[in-house]
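Here's my_file.txt, which has compact mmCIF, C-alpha atoms:
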```txt
# COMPACT_ATOMS: atom_id res chain seq x y z
CA MET A 1 -308.23 28.37 38.48
CA ALA A 2 -310.27 31.36 37.40
CA MET A 3 -309.13 32.79 34.04
CA ASN A 4 -307.95 36.09 35.47
CA GLU A 5 -305.80 34.26 38.04
CA THR A 6 -304.18 32.20 35.28
CA GLU A 7 -303.49 35.35 33.28
CA LYS A 8 -301.94 36.95 36.36
CA ALA A 9 -299.76 33.91 36.90
CA ILE A 10 -298.59 33.91 33.30
CA GLU A 11 -297.78 37.61 33.55
CA ASN A 12 -295.97 36.99 36.80
CA PHE A 13 -293.70 34.47 35.13
CA PHE A 14 -292.96 36.85 32.24
CA ASP A 15 -291.40 39.13 34.86
CA LYS A 16 -288.94 36.50 36.06
CA GLU A 17 -285.35 37.19 35.15
CA TRP A 18 -285.17 33.64 33.81
CA SER A 19 -288.20 33.89 31.49
CA ASP A 20 -287.41 32.80 27.94
CA GLY A 21 -289.79 35.46 26.69
CA LEU A 22 -292.67 33.10 25.96
CA PRO A 23 -295.70 32.37 28.16
CA VAL A 24 -295.37 29.42 30.52
CA VAL A 25 -297.97 27.01 31.82
CA PRO A 26 -298.33 28.12 35.46
CA PRO A 27 -296.88 25.38 37.69
CA THR A 28 -299.56 24.33 40.17
CA GLU A 29 -299.46 21.48 42.68
CA GLU A 30 -301.99 19.65 40.52
CA ARG A 31 -299.98 19.94 37.35
CA LEU A 32 -296.80 19.00 39.20
CA ALA A 33 -298.46 15.89 40.63
CA ALA A 34 -299.65 14.83 37.19
CA MET A 35 -296.16 15.34 35.78
CA LEU A 36 -294.44 13.45 38.61
CA ALA A 37 -296.82 10.53 38.11
CA ALA A 38 -295.00 9.91 34.83
CA THR A 39 -291.83 8.78 36.58
CA PRO A 40 -291.18 6.21 39.32
CA ARG A 41 -288.19 8.23 40.47
CA ASP A 42 -288.05 9.94 43.84
CA PRO A 43 -288.95 13.63 43.43
CA ASP A 44 -286.16 14.55 45.83
CA GLU A 45 -283.52 12.74 43.82
CA SER A 46 -281.00 15.23 42.44
CA ILE A 47 -279.71 14.61 38.93
CA GLY A 48 -276.99 17.21 39.51
CA ASP A 49 -276.36 20.91 40.03
CA VAL A 50 -276.85 23.20 37.05
CA PRO A 51 -273.92 25.55 36.41
CA PRO A 52 -273.12 28.34 37.00
CA LEU A 53 -275.77 29.10 39.66
CA MET A 54 -275.57 25.44 40.85
CA ALA A 55 -279.21 25.02 41.88
CA PRO A 56 -280.04 21.30 41.97
CA ALA A 57 -281.99 19.66 39.17
CA THR A 58 -284.09 17.41 41.37
CA VAL A 59 -286.71 15.25 39.72
CA ARG A 60 -289.29 17.62 41.23
CA ALA A 61 -287.55 20.68 39.78
CA ILE A 62 -287.31 19.01 36.37
CA ALA A 63 -291.01 18.18 36.52
CA LEU A 64 -291.83 21.81 37.39
CA HIS A 65 -289.91 23.11 34.41
CA ALA A 66 -291.48 20.48 32.17
CA VAL A 67 -294.89 21.75 33.30
CA MET A 68 -293.93 25.35 32.57
CA ALA A 69 -292.52 24.45 29.17
CA GLY A 70 -295.83 22.86 28.21
CA CYS A 71 -294.72 19.22 28.30
CA MET A 72 -297.18 16.40 28.63
CA PRO A 73 -296.34 14.06 31.54
CA ALA A 74 -295.32 11.35 29.06
CA TYR A 75 -292.43 13.56 27.95
CA LEU A 76 -290.85 13.68 31.42
CA PRO A 77 -288.57 10.63 31.00
CA VAL A 78 -286.96 12.28 27.96
CA VAL A 79 -286.49 15.58 29.80
CA ILE A 80 -284.86 13.77 32.73
CA GLY A 81 -282.67 11.79 30.33
CA ALA A 82 -281.58 14.96 28.55
CA MET A 83 -280.69 16.63 31.86
CA GLU A 84 -278.66 13.59 32.84
CA CYS A 85 -276.69 13.98 29.62
CA VAL A 86 -275.96 17.71 29.94
CA LEU A 87 -275.06 17.45 33.63
CA GLU A 88 -272.34 14.88 32.98
CA GLU A 89 -268.90 16.34 33.55
CA ARG A 90 -267.78 15.63 29.99
CA PHE A 91 -270.66 17.69 28.59
CA ASN A 92 -269.50 20.66 30.68
CA LEU A 93 -272.77 22.60 30.46
CA LEU A 94 -270.94 25.63 31.84
CA LEU A 95 -269.38 26.15 28.42
CA LEU A 96 -272.73 26.54 26.66
CA GLN A 97 -274.00 28.78 29.47
CA ALA A 98 -271.10 31.23 29.45
CA THR A 99 -269.82 31.12 25.87
CA THR A 100 -269.61 34.24 23.75
CA SER A 101 -270.43 32.04 20.75
CA ALA A 102 -274.01 30.86 20.26
CA GLY A 103 -274.16 27.13 20.92
CA ALA A 104 -276.89 25.17 22.67
CA PRO A 105 -277.42 21.55 23.70
CA PHE A 106 -278.87 19.73 20.68
CA VAL A 107 -281.01 16.83 21.87
CA LEU A 108 -281.39 13.77 19.63
CA VAL A 109 -283.72 10.95 20.61
CA ASN A 110 -283.62 7.37 19.32
CA GLY A 111 -285.75 4.36 20.06
CA PRO A 112 -289.44 3.45 20.05
CA TYR A 113 -290.65 5.76 22.82
CA ALA A 114 -290.12 8.85 20.68
CA ALA A 115 -292.90 7.89 18.29
CA GLU A 116 -295.21 7.02 21.21
CA ILE A 117 -294.99 10.59 22.51
CA GLY A 118 -295.09 12.25 19.10
CA LEU A 119 -291.47 13.36 19.16
CA HIS A 120 -291.00 14.06 15.51
CA GLY A 121 -288.10 13.34 13.21
CA GLY A 122 -289.71 13.83 9.82
CA VAL A 123 -290.84 16.79 7.80
CA GLY A 124 -290.34 20.08 9.61
CA CYS A 125 -288.94 18.45 12.74
CA PHE A 126 -286.48 21.26 13.52
CA GLY A 127 -289.21 23.86 13.31
CA PRO A 128 -292.51 24.74 14.94
CA GLY A 129 -295.47 22.39 14.88
CA PHE A 130 -294.64 19.53 17.23
CA ARG A 131 -295.40 19.75 20.93
CA ALA A 132 -292.82 17.22 22.11
CA ASN A 133 -290.01 18.73 20.02
CA ALA A 134 -290.90 22.23 21.18
CA THR A 135 -291.47 21.60 24.86
CA ILE A 136 -288.79 19.02 25.70
CA GLY A 137 -286.08 21.32 24.37
CA ARG A 138 -287.74 24.29 26.02
CA ALA A 139 -287.80 22.59 29.43
CA LEU A 140 -284.04 22.15 29.17
CA ARG A 141 -283.55 25.84 28.35
CA LEU A 142 -285.81 27.00 31.20
CA MET A 143 -283.68 24.97 33.59
CA MET A 144 -280.47 26.39 32.13
CA MET A 145 -281.88 29.85 32.74
CA ASN A 146 -283.51 29.34 36.13
CA LEU A 147 -281.58 26.58 37.91
CA GLY A 148 -278.34 27.36 36.10
CA GLY A 149 -278.75 31.13 36.15
CA GLY A 150 -277.84 31.43 32.47
CA ILE A 151 -279.26 34.93 31.97
CA PRO A 152 -278.39 36.79 28.75
CA GLY A 153 -275.96 39.62 29.40
CA ILE A 154 -275.33 38.57 33.00
CA THR A 155 -273.91 35.07 32.93
CA ALA A 156 -274.91 33.98 29.41
CA LEU A 157 -272.59 36.06 27.29
CA SER A 158 -273.45 34.89 23.79
CA GLY A 159 -273.45 38.01 21.68
CA PHE A 160 -276.36 36.81 19.57
CA GLY A 161 -278.08 34.00 21.37
CA GLY A 162 -280.11 32.21 18.70
CA PRO A 163 -283.46 30.64 17.85
CA TRP A 164 -281.97 27.21 18.56
CA ARG A 165 -281.68 28.32 22.17
CA TYR A 166 -285.47 28.24 22.58
CA THR A 167 -285.59 24.56 21.74
CA TYR A 168 -283.33 22.17 19.84
CA CYS A 169 -284.74 18.67 19.99
CA VAL A 170 -285.65 16.06 17.37
CA ALA A 171 -286.06 12.34 16.99
CA GLU A 172 -283.94 10.63 14.37
CA ASN A 173 -286.03 9.64 11.35
CA GLU A 174 -285.40 5.94 11.86
CA ALA A 175 -288.38 4.90 9.72
CA GLU A 176 -287.09 6.64 6.60
CA SER A 177 -283.38 6.16 7.16
CA PRO A 178 -281.70 3.57 4.92
CA TRP A 179 -279.33 2.67 7.76
CA PRO A 180 -279.29 1.44 11.34
CA SER A 181 -279.84 4.26 13.82
CA TYR A 182 -277.39 6.74 15.29
CA ALA A 183 -277.88 5.03 18.66
CA SER A 184 -277.10 1.57 17.29
CA ALA A 185 -273.93 2.96 15.71
CA HIS A 186 -272.99 4.08 19.22
CA GLY A 187 -273.42 0.67 20.79
CA PHE A 188 -277.03 0.78 21.96
CA GLY A 189 -279.49 -2.06 21.31
CA ALA A 190 -282.16 -1.86 18.62
CA GLY A 191 -285.08 -1.44 21.01
CA GLU A 192 -283.36 0.84 23.51
CA ASN A 193 -284.58 4.35 24.17
CA VAL A 194 -281.59 6.65 23.93
CA VAL A 195 -281.11 10.37 24.34
CA THR A 196 -278.00 12.19 23.11
CA ALA A 197 -276.97 15.75 23.86
CA ILE A 198 -274.42 17.41 21.59
CA PRO A 199 -272.97 20.92 22.08
CA LEU A 200 -273.63 22.60 18.75
CA GLU A 201 -274.18 25.89 17.01
CA GLY A 202 -277.30 26.40 14.94
CA PRO A 203 -278.08 24.43 11.82
CA VAL A 204 -277.04 25.61 8.36
CA LEU A 205 -278.87 24.28 5.34
CA VAL A 206 -276.98 22.55 2.54
CA TRP A 207 -279.33 22.56 -0.44
CA ASP A 208 -278.42 20.15 -3.24
CA ASP A 209 -280.99 18.85 -5.68
CA ALA A 210 -278.44 18.35 -8.45
CA SER A 211 -276.15 15.64 -7.03
CA GLU A 212 -277.24 12.08 -7.72
CA LYS A 213 -273.99 10.38 -6.80
CA PRO A 214 -272.05 10.34 -3.50
CA GLU A 215 -268.88 11.83 -5.00
CA ARG A 216 -270.79 14.93 -6.02
CA LEU A 217 -273.18 15.18 -3.05
CA VAL A 218 -270.31 15.10 -0.56
CA VAL A 219 -268.75 18.22 -2.11
CA ALA A 220 -271.22 20.81 -0.81
CA ILE A 221 -271.72 19.05 2.52
CA ALA A 222 -267.97 18.81 3.10
CA ASP A 223 -267.58 22.45 2.09
CA MET A 224 -270.10 23.54 4.72
CA MET A 225 -268.39 21.33 7.29
CA SER A 226 -265.09 23.09 6.63
CA ALA A 227 -266.45 26.64 6.36
CA LEU A 228 -263.92 29.18 7.64
CA GLY A 229 -266.60 30.93 9.68
CA GLY A 230 -267.80 27.68 11.16
CA GLY A 231 -264.83 27.24 13.43
CA ASN A 232 -264.30 23.48 13.18
CA ILE A 233 -261.60 23.89 10.56
CA TYR A 234 -259.55 25.80 13.14
CA ARG A 235 -260.58 24.06 16.35
CA GLN A 236 -261.81 20.57 15.68
CA ALA A 237 -264.65 19.62 17.98
CA ASP A 238 -268.03 17.90 17.75
CA MET A 239 -269.95 18.39 14.50
CA ALA A 240 -273.28 17.10 13.28
CA VAL A 241 -274.37 16.32 9.75
CA VAL A 242 -278.09 15.68 9.47
CA LEU A 243 -278.91 14.07 6.14
CA SER A 244 -282.48 14.24 4.91
CA PRO A 245 -283.84 10.81 3.94
CA GLN A 246 -283.47 11.86 0.29
CA HIS A 247 -279.79 12.72 0.65
CA ALA A 248 -279.17 9.60 2.73
CA GLN A 249 -280.74 7.58 -0.08
CA VAL A 250 -278.28 9.01 -2.63
CA PHE A 251 -275.49 7.45 -0.58
CA ALA A 252 -277.38 4.23 0.15
CA ASP A 253 -278.38 3.70 -3.49
CA ALA A 254 -274.68 3.71 -4.36
CA GLY A 255 -274.15 0.95 -1.81
CA LEU A 256 -272.65 3.07 0.97
CA SER A 257 -273.31 2.05 4.56
CA ARG A 258 -273.63 4.53 7.45
CA ASP A 259 -269.98 3.85 8.34
CA ALA A 260 -268.86 4.41 4.77
CA VAL A 261 -270.61 7.77 4.58
CA HIS A 262 -269.21 8.76 7.97
CA LYS A 263 -265.73 7.93 6.70
CA LEU A 264 -266.27 9.73 3.38
CA LEU A 265 -267.38 12.93 5.11
CA ILE A 266 -264.34 12.92 7.38
CA GLU A 267 -261.99 12.33 4.43
CA ARG A 268 -263.45 15.15 2.38
CA ALA A 269 -264.26 17.81 4.98
CA GLY A 270 -261.20 20.01 5.13
CA ARG A 271 -259.25 22.75 3.43
CA ARG A 272 -255.80 23.38 2.04
CA LEU A 273 -253.70 25.19 4.63
CA GLY A 274 -253.24 28.05 2.17
CA GLU A 275 -257.01 28.65 2.21
CA ILE A 276 -257.32 29.00 5.95
CA ARG A 277 -254.35 31.01 7.13
CA HIS A 278 -255.32 34.41 5.73
CA GLY A 279 -258.45 34.91 7.75
CA GLY A 280 -260.81 33.36 10.23
CA ILE A 281 -259.42 32.38 13.61
CA TRP A 282 -256.07 31.32 12.21
CA ARG A 283 -253.56 31.76 15.03
CA GLY A 284 -250.46 30.40 13.45
CA ALA A 285 -248.37 27.84 15.25
CA SER A 286 -250.01 28.40 18.64
CA GLY A 287 -253.42 27.47 17.27
CA ALA A 288 -252.10 24.57 15.21
CA LYS A 289 -250.41 23.24 18.35
CA ARG A 290 -253.86 22.30 19.69
CA TRP A 291 -254.74 20.27 16.58
CA PRO A 292 -255.13 16.53 17.15
CA PHE A 293 -253.09 15.87 14.00
CA GLU A 294 -249.83 17.05 12.45
CA VAL A 295 -249.78 19.48 9.55
CA ASP A 296 -246.69 20.94 7.92
CA LEU A 297 -247.28 24.65 8.48
CA HIS A 298 -244.91 25.53 5.62
CA ASP A 299 -246.95 23.63 3.06
CA ASP A 300 -249.90 25.62 1.72
CA ASP A 301 -251.19 22.50 -0.03
CA ALA A 302 -251.30 20.45 3.18
CA PHE A 303 -254.82 19.19 3.96
CA VAL A 304 -256.32 20.36 7.24
CA PRO A 305 -259.29 18.21 8.30
CA ALA A 306 -262.40 19.79 9.81
CA VAL A 307 -262.99 16.66 11.90
CA GLY A 308 -260.20 15.77 14.29
CA ASP A 309 -261.46 12.41 15.52
CA ALA A 310 -263.97 10.01 13.98
CA ARG A 311 -266.02 10.16 17.20
CA ASP A 312 -266.48 13.92 16.77
CA LEU A 313 -268.75 13.54 13.73
CA HIS A 314 -272.40 12.84 14.52
CA LEU A 315 -274.17 11.50 11.43
CA ILE A 316 -277.94 11.65 11.75
CA VAL A 317 -280.89 11.10 9.41
CA ALA A 318 -283.84 13.42 9.98
CA GLY A 319 -286.22 15.72 8.20
CA GLY A 320 -288.73 15.06 5.48
CA SER A 321 -288.43 12.93 2.37
CA GLY A 322 -288.65 14.96 -0.77
CA SER A 323 -286.31 17.61 0.59
CA PRO A 324 -282.97 17.43 -1.21
CA SER A 325 -281.05 19.07 1.59
CA SER A 326 -279.03 18.39 4.68
CA LEU A 327 -277.98 20.30 7.76
CA VAL A 328 -274.54 20.96 9.13
CA MET A 329 -274.11 22.04 12.74
CA HIS A 330 -270.69 23.16 13.90
CA GLY A 331 -269.38 22.55 17.38
CA ILE A 332 -267.67 24.80 19.88
CA THR A 333 -264.55 23.42 21.59
CA VAL A 334 -263.25 20.12 22.92
CA ALA A 335 -263.99 21.32 26.45
CA SER A 336 -267.60 20.21 25.90
CA ARG A 337 -268.40 16.75 24.49
CA ALA A 338 -271.46 14.86 23.33
CA VAL A 339 -273.09 12.41 25.75
CA SER A 340 -275.49 9.55 24.95
CA ARG A 341 -277.49 7.68 27.57
CA ALA A 342 -280.22 5.12 27.60
CA TYR A 343 -283.27 6.49 29.40
CA SER A 344 -286.11 4.60 31.07
CA THR A 345 -289.76 5.34 30.47
CA MET B 1 -308.59 29.34 44.80
CA SER B 2 -309.48 25.70 44.38
CA GLU B 3 -307.39 23.03 46.05
CA GLY B 4 -304.44 21.82 44.03
CA SER B 5 -304.24 25.00 42.06
CA GLU B 6 -301.75 26.68 44.37
CA LEU B 7 -299.03 28.17 42.27
CA ILE B 8 -295.48 26.99 42.86
CA ASP B 9 -292.62 29.39 42.25
CA PRO B 10 -289.58 27.40 41.11
CA SER B 11 -287.31 30.46 41.00
CA ALA B 12 -283.82 29.40 42.04
CA GLY B 13 -282.09 32.77 42.16
CA SER B 14 -284.19 34.35 44.88
CA GLY B 15 -283.25 33.27 48.38
CA ALA B 16 -279.76 32.49 47.16
CA ARG B 17 -277.25 32.68 49.92
CA ALA B 18 -275.17 35.82 50.05
CA ILE B 19 -271.45 35.31 49.69
CA ALA B 20 -269.35 37.93 51.39
CA THR B 21 -266.50 39.18 49.25
CA ALA B 22 -263.06 38.66 50.76
CA PRO B 23 -261.57 41.78 52.39
CA ARG B 24 -259.34 43.71 49.99
CA PRO B 25 -255.76 44.32 51.17
CA ALA B 26 -254.90 48.01 51.54
CA SER B 27 -251.65 47.49 49.62
CA LEU B 28 -249.82 44.80 47.71
CA ALA B 29 -246.50 45.38 49.47
CA GLY B 30 -245.04 42.03 50.48
CA LYS B 31 -248.04 40.11 49.12
CA VAL B 32 -247.94 37.02 46.91
CA VAL B 33 -250.05 37.44 43.78
CA ALA B 34 -251.36 34.48 41.80
CA LEU B 35 -252.01 34.86 38.07
CA LEU B 36 -254.47 32.41 36.50
CA ASP B 37 -253.99 31.86 32.80
CA ASN B 38 -257.16 30.62 31.09
CA THR B 39 -254.98 29.54 28.10
CA LYS B 40 -256.55 31.94 25.61
CA GLU B 41 -253.91 33.09 23.13
CA GLN B 42 -251.49 35.69 24.50
CA GLY B 43 -253.21 35.77 27.87
CA ASP B 44 -249.92 34.65 29.37
CA ILE B 45 -248.16 37.69 27.91
CA ILE B 46 -250.75 40.04 29.45
CA LEU B 47 -250.56 38.27 32.81
CA GLU B 48 -246.77 38.29 32.90
CA THR B 49 -246.78 42.01 32.13
CA ILE B 50 -249.28 42.59 34.92
CA GLY B 51 -247.23 40.44 37.29
CA ALA B 52 -244.06 42.39 36.56
CA ALA B 53 -245.87 45.69 37.12
CA LEU B 54 -247.38 44.52 40.42
CA ARG B 55 -243.88 43.70 41.65
CA SER B 56 -242.06 46.79 40.36
CA ARG B 57 -244.78 49.41 40.96
CA TYR B 58 -246.80 48.02 43.85
CA GLY B 59 -244.23 46.06 45.81
CA ALA B 60 -245.72 42.59 45.47
CA ALA B 61 -243.17 40.17 46.90
CA ARG B 62 -243.78 37.31 44.52
CA VAL B 63 -245.93 36.32 41.58
CA ILE B 64 -246.99 32.74 40.80
CA LEU B 65 -248.45 31.75 37.43
CA ARG B 66 -250.94 28.92 37.07
CA ARG B 67 -252.79 27.61 34.02
CA LYS B 68 -256.24 26.09 33.56
CA GLU B 69 -256.51 22.97 31.42
CA HIS B 70 -258.77 24.71 28.89
CA TYR B 71 -260.38 28.13 28.69
CA SER B 72 -263.87 26.58 28.48
CA LYS B 73 -263.48 24.37 31.53
CA PRO B 74 -263.75 25.62 35.09
CA ALA B 75 -260.55 25.68 37.12
CA PRO B 76 -260.53 22.61 39.37
CA ASP B 77 -261.08 23.20 43.08
CA ALA B 78 -257.64 21.74 43.84
CA LEU B 79 -255.99 24.44 41.73
CA ILE B 80 -257.97 27.25 43.39
CA ASP B 81 -257.18 25.83 46.84
CA GLU B 82 -253.48 25.60 46.00
CA MET B 83 -253.46 29.21 44.82
CA ALA B 84 -255.34 30.34 47.92
CA LYS B 85 -252.74 28.67 50.18
CA GLU B 86 -249.83 30.50 48.56
CA ALA B 87 -251.28 33.85 47.49
CA GLN B 88 -253.36 36.61 49.07
CA VAL B 89 -254.50 38.19 45.80
CA ALA B 90 -255.20 36.70 42.39
CA VAL B 91 -255.68 38.04 38.89
CA ALA B 92 -257.61 35.71 36.61
CA ALA B 93 -257.80 35.91 32.83
CA LEU B 94 -261.38 35.61 31.59
CA GLY B 95 -263.01 35.36 28.20
CA GLY B 96 -260.87 36.44 25.31
```
Can I see the file as C-alpha cells?
Amino acid sequence: MAMNETEKAIENFFDKEWSDGLPVVPPTEERLAAMLAATPRDPDESIGDVPPLMAPATVRAIALHAVMAGCMPAYLPVVIGAMECVLEERFNLLLLQATTSAGAPFVLVNGPYAAEIGLHGGVGCFGPGFRANATIGRALRLMMMNLGGGIPGITALSGFGGPWRYTYCVAENEAESPWPSYASAHGFGAGENVVTAIPLEGPVLVWDDASEKPERLVVAIADMMSALGGGNIYRQADMAVVLSPQHAQVFADAGLSRDAVHKLLIERAGRRLGEIRHGGIWRGASGAKRWPFEVDLHDDDAFVPAVGDARDLHLIVAGGSGSPSSLVMHGITVASRAVSRAYST
Amino acid sequence: MSEGSELIDPSAGSGARAIATAPRPASLAGKVVALLDNTKEQGDIILETIGAALRSRYGAARVILRRKEHYSKPAPDALIDEMAKEAQVAVAALGG
C-alpha cells in the first residue's frame, strides 16, 4: 500500500465513532489472513454477541480487531480466550459497558505461552512498553466499542472513563513469585495456558518500603482494600490485590503460603461500622440487607469485611522486583463476576 | 492498489437494522401500565408515586410492578415478555 493510502486509511479510522482515539493498523485482507493463520478455528465461528449493540464476535471479527490494535498473529489465541471470558453470562459485559463507574475488564494471563509471545508480568507490566500487553487489551476495548457499541456518552456512561480502559492486560510474574500461580490456585494444571477476566476499577498503588513483617505489611494493603471511596466496603464484589515480588517475599519469608496470605487479607480488610456509616455510599439497613454476612447495625464496633466471599479476592503476583509496592483494584458489583478459562494456542 | 491490500471496514454500527418504535397510545385511559424497578435504592418509591399519579390523573386502569434481579443485570426476556402480555405501556427505572 502506498504511504499516502495508509495515512488516509488511518485517518479514516480516526473518524469512526468507535475509535479509541489512537491510530489503528489498517485492516487489509492480507493482514487479516496472516492473523487468521494463527488459529485453527473457523473464521465464521461466533464466540458470542457483544452487548449492548449485540454484533457477533466471530473469529474473523476478533482477528480484524486484533489487527487494528496492533497485535501480532501469535497473540490471537489470547485475544480469543479473553473474549470468551468476557462474553460468558456470569461476566455480564453489559455492566462494564454501561456503568457510570469506571471499571474495565482486567485480563490476567497464566501459563507458558505468555512468555513465548512477550506478554509481560515483570517491571512496568501495567504501563507502556510491551506490545502484547498493550495490544491484547486494546483489541478487547476496540471490540467493546465497535461490536458492542460502547461509545462514551452514548451507551458507555462512565463519567470519567480511565486510562485502564485503553488496555488492562498483564501476565502473572510466575518466575519471581514465591508461590504457585493464580491459575493453579484456581484448579488449573501447571502447564496450562489460562486467561482470566476480572471486572475491576483502576489500580491504586500501595507503597510500603518500611514493613518487613506480614503483620505490618498487611495494614496498608488492607486499608486500601477497605477504602470508603473504593466501594467494596459497602458492596462486596470482586477485588484484586497484586503483590510485587518484593512484597510477596515479605510474606513468604515469614513462612506464609499463597492461601495463608489470601486468608490474612480477607481477615484484615474491613472497617468498624462506626467508620463507614457517616459517609460514602452508606445506605443504612437497605444497603446492609445486600451484604453476604450479618452485622449488628447498632454496634459501631462491629467489623464489616471488605471481601464478602473468599472467591471474590484475586491474589496475583506481578510487577518488578525491587519495587516495595502493591496494587489494589476494587470491583464494581456482584452482577459481574470474574471468569477463568484455559485457552488453546 | 496491490492485491491483498484491500481495506476491510469492520464497523458494526453502520448497516444496523432499524427498529421501529412502538406506536404511542393517545391516552392512558383504561390502559395497564407496567413499572419496572431496577432495584436501585428508593426507585420503588418513585415508581409507586408515578403509578398512583398515572391512575388518578391519567385514568390508567391498573398498574403492575415488577423487579429486576439486580440493577446491573439486564431484565430477562421472560420478564419483558410477561410485562408485554399484560401491559400496553411501561415505565422503567434506569441508572440511579
List the spatial neighbours of range 167-169 of chain A as an mmCIF file with C-alpha atoms, in the coordinates of the input - criterion: any atom at most 10 Å away, all atoms listed in the file, same-chain residues fewer than 5 positions off excluded.
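What follows is the written file part09.cif:
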```
data_model
loop_
_atom_site.group_PDB
_atom_site.id
_atom_site.type_symbol
_atom_site.label_atom_id
_atom_site.label_comp_id
_atom_site.auth_asym_id
_atom_site.auth_seq_id
_atom_site.Cartn_x
_atom_site.Cartn_y
_atom_site.Cartn_z
ATOM 1 C CA ALA A 82 -281.580 14.960 28.550
ATOM 2 C CA ALA A 104 -276.890 25.170 22.670
ATOM 3 C CA PRO A 105 -277.420 21.550 23.700
ATOM 4 C CA PHE A 106 -278.870 19.730 20.680
ATOM 5 C CA VAL A 107 -281.010 16.830 21.870
ATOM 6 C CA LEU A 108 -281.390 13.770 19.630
ATOM 7 C CA VAL A 109 -283.720 10.950 20.610
ATOM 8 C CA LEU A 119 -291.470 13.360 19.160
ATOM 9 C CA HIS A 120 -291.000 14.060 15.510
ATOM 10 C CA GLY A 121 -288.100 13.340 13.210
ATOM 11 C CA CYS A 125 -288.940 18.450 12.740
ATOM 12 C CA PHE A 126 -286.480 21.260 13.520
ATOM 13 C CA GLY A 127 -289.210 23.860 13.310
ATOM 14 C CA PRO A 128 -292.510 24.740 14.940
ATOM 15 C CA ALA A 132 -292.820 17.220 22.110
ATOM 16 C CA ASN A 133 -290.010 18.730 20.020
ATOM 17 C CA ALA A 134 -290.900 22.230 21.180
ATOM 18 C CA THR A 135 -291.470 21.600 24.860
ATOM 19 C CA ILE A 136 -288.790 19.020 25.700
ATOM 20 C CA GLY A 137 -286.080 21.320 24.370
ATOM 21 C CA ARG A 138 -287.740 24.290 26.020
ATOM 22 C CA ALA A 139 -287.800 22.590 29.430
ATOM 23 C CA LEU A 140 -284.040 22.150 29.170
ATOM 24 C CA ARG A 141 -283.550 25.840 28.350
ATOM 25 C CA LEU A 142 -285.810 27.000 31.200
ATOM 26 C CA GLY A 162 -280.110 32.210 18.700
ATOM 27 C CA THR A 196 -278.000 12.190 23.110
ATOM 28 C CA ALA A 197 -276.970 15.750 23.860
ATOM 29 C CA LEU A 200 -273.630 22.600 18.750
ATOM 30 C CA GLY A 202 -277.300 26.400 14.940
ATOM 31 C CA PRO A 203 -278.080 24.430 11.820
#
```
Near chain A, which residues of chain B fall within 9 Å when you count all atoms listed in the file, and what do they look like as a PyMOL selection string? chain B and resi 1-13+41+70-74+95
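With distances taken over all atoms listed in the file, B:Ala60 is the one residue among B:Ile45, B:Ile50, B:Ala60, B:Met83 lying closest to Ser27 in chain B.
Picture a line from CA of Pro112 in chain A to CA of Ser344 in chain A; it runs 11.6 Å.
CA of Val204 in chain A sits 27.5 Å away from CA of Gly284 in chain A.
Pairwise distance (CA of Pro77 in chain A, CA of Phe188 in chain A) equals 17.7 Å.
Counting only C-alpha atoms, Leu47 in chain B has the following residues at most 8 Å away, ignoring those fewer than 2 positions along the same chain: Leu35, Leu36, Asp37, Gly43, Asp44, Ile45, Thr49, Ile50, Gly51, Val91 and Ala93 of chain B.
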Env of Glu48 in chain B: 10 Å cut, atoms = only C-alpha atoms, seq-sep filter 6 positions within chain, self excluded. Answer as a PyMOL selection string. chain B and resi 35+37+42+54+63-65
Output of the above residues as an mmCIF file, keeping the file's coordinate frame, restricted to C-alpha atoms:
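Saved result, result09.cif, follows:
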```cif
data_model
loop_
_atom_site.group_PDB
_atom_site.id
_atom_site.type_symbol
_atom_site.label_atom_id
_atom_site.label_comp_id
_atom_site.auth_asym_id
_atom_site.auth_seq_id
_atom_site.Cartn_x
_atom_site.Cartn_y
_atom_site.Cartn_z
ATOM 1 C CA LEU B 35 -252.010 34.860 38.070
ATOM 2 C CA ASP B 37 -253.990 31.860 32.800
ATOM 3 C CA GLN B 42 -251.490 35.690 24.500
ATOM 4 C CA LEU B 54 -247.380 44.520 40.420
ATOM 5 C CA VAL B 63 -245.930 36.320 41.580
ATOM 6 C CA ILE B 64 -246.990 32.740 40.800
ATOM 7 C CA LEU B 65 -248.450 31.750 37.430
#
```
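All polymer residues at most 9 Å from (-258.7, 22.4, 13.7), using all atoms listed in the file, appear as A:Gly231, A:Asn232, A:Ile233, A:Tyr234, A:Arg235, A:Gln236, A:Ala237, A:Gly287, A:Ala288, A:Arg290, A:Trp291, A:Pro292, A:Phe293, A:Val304, A:Pro305, A:Ala306, A:Val307, A:Gly308.
Counting only C-alpha atoms and comparing B:Ile80, B:Arg66, B:Ala53, B:Val89, the residue that lies closest to Ala26 in chain B is B:Val89.
Proximity ranking of A:His247, A:Ile154, A:Met239, A:Leu265 relative to Gln97 in chain A places A:Ile154 first, based on all atoms listed in the file.
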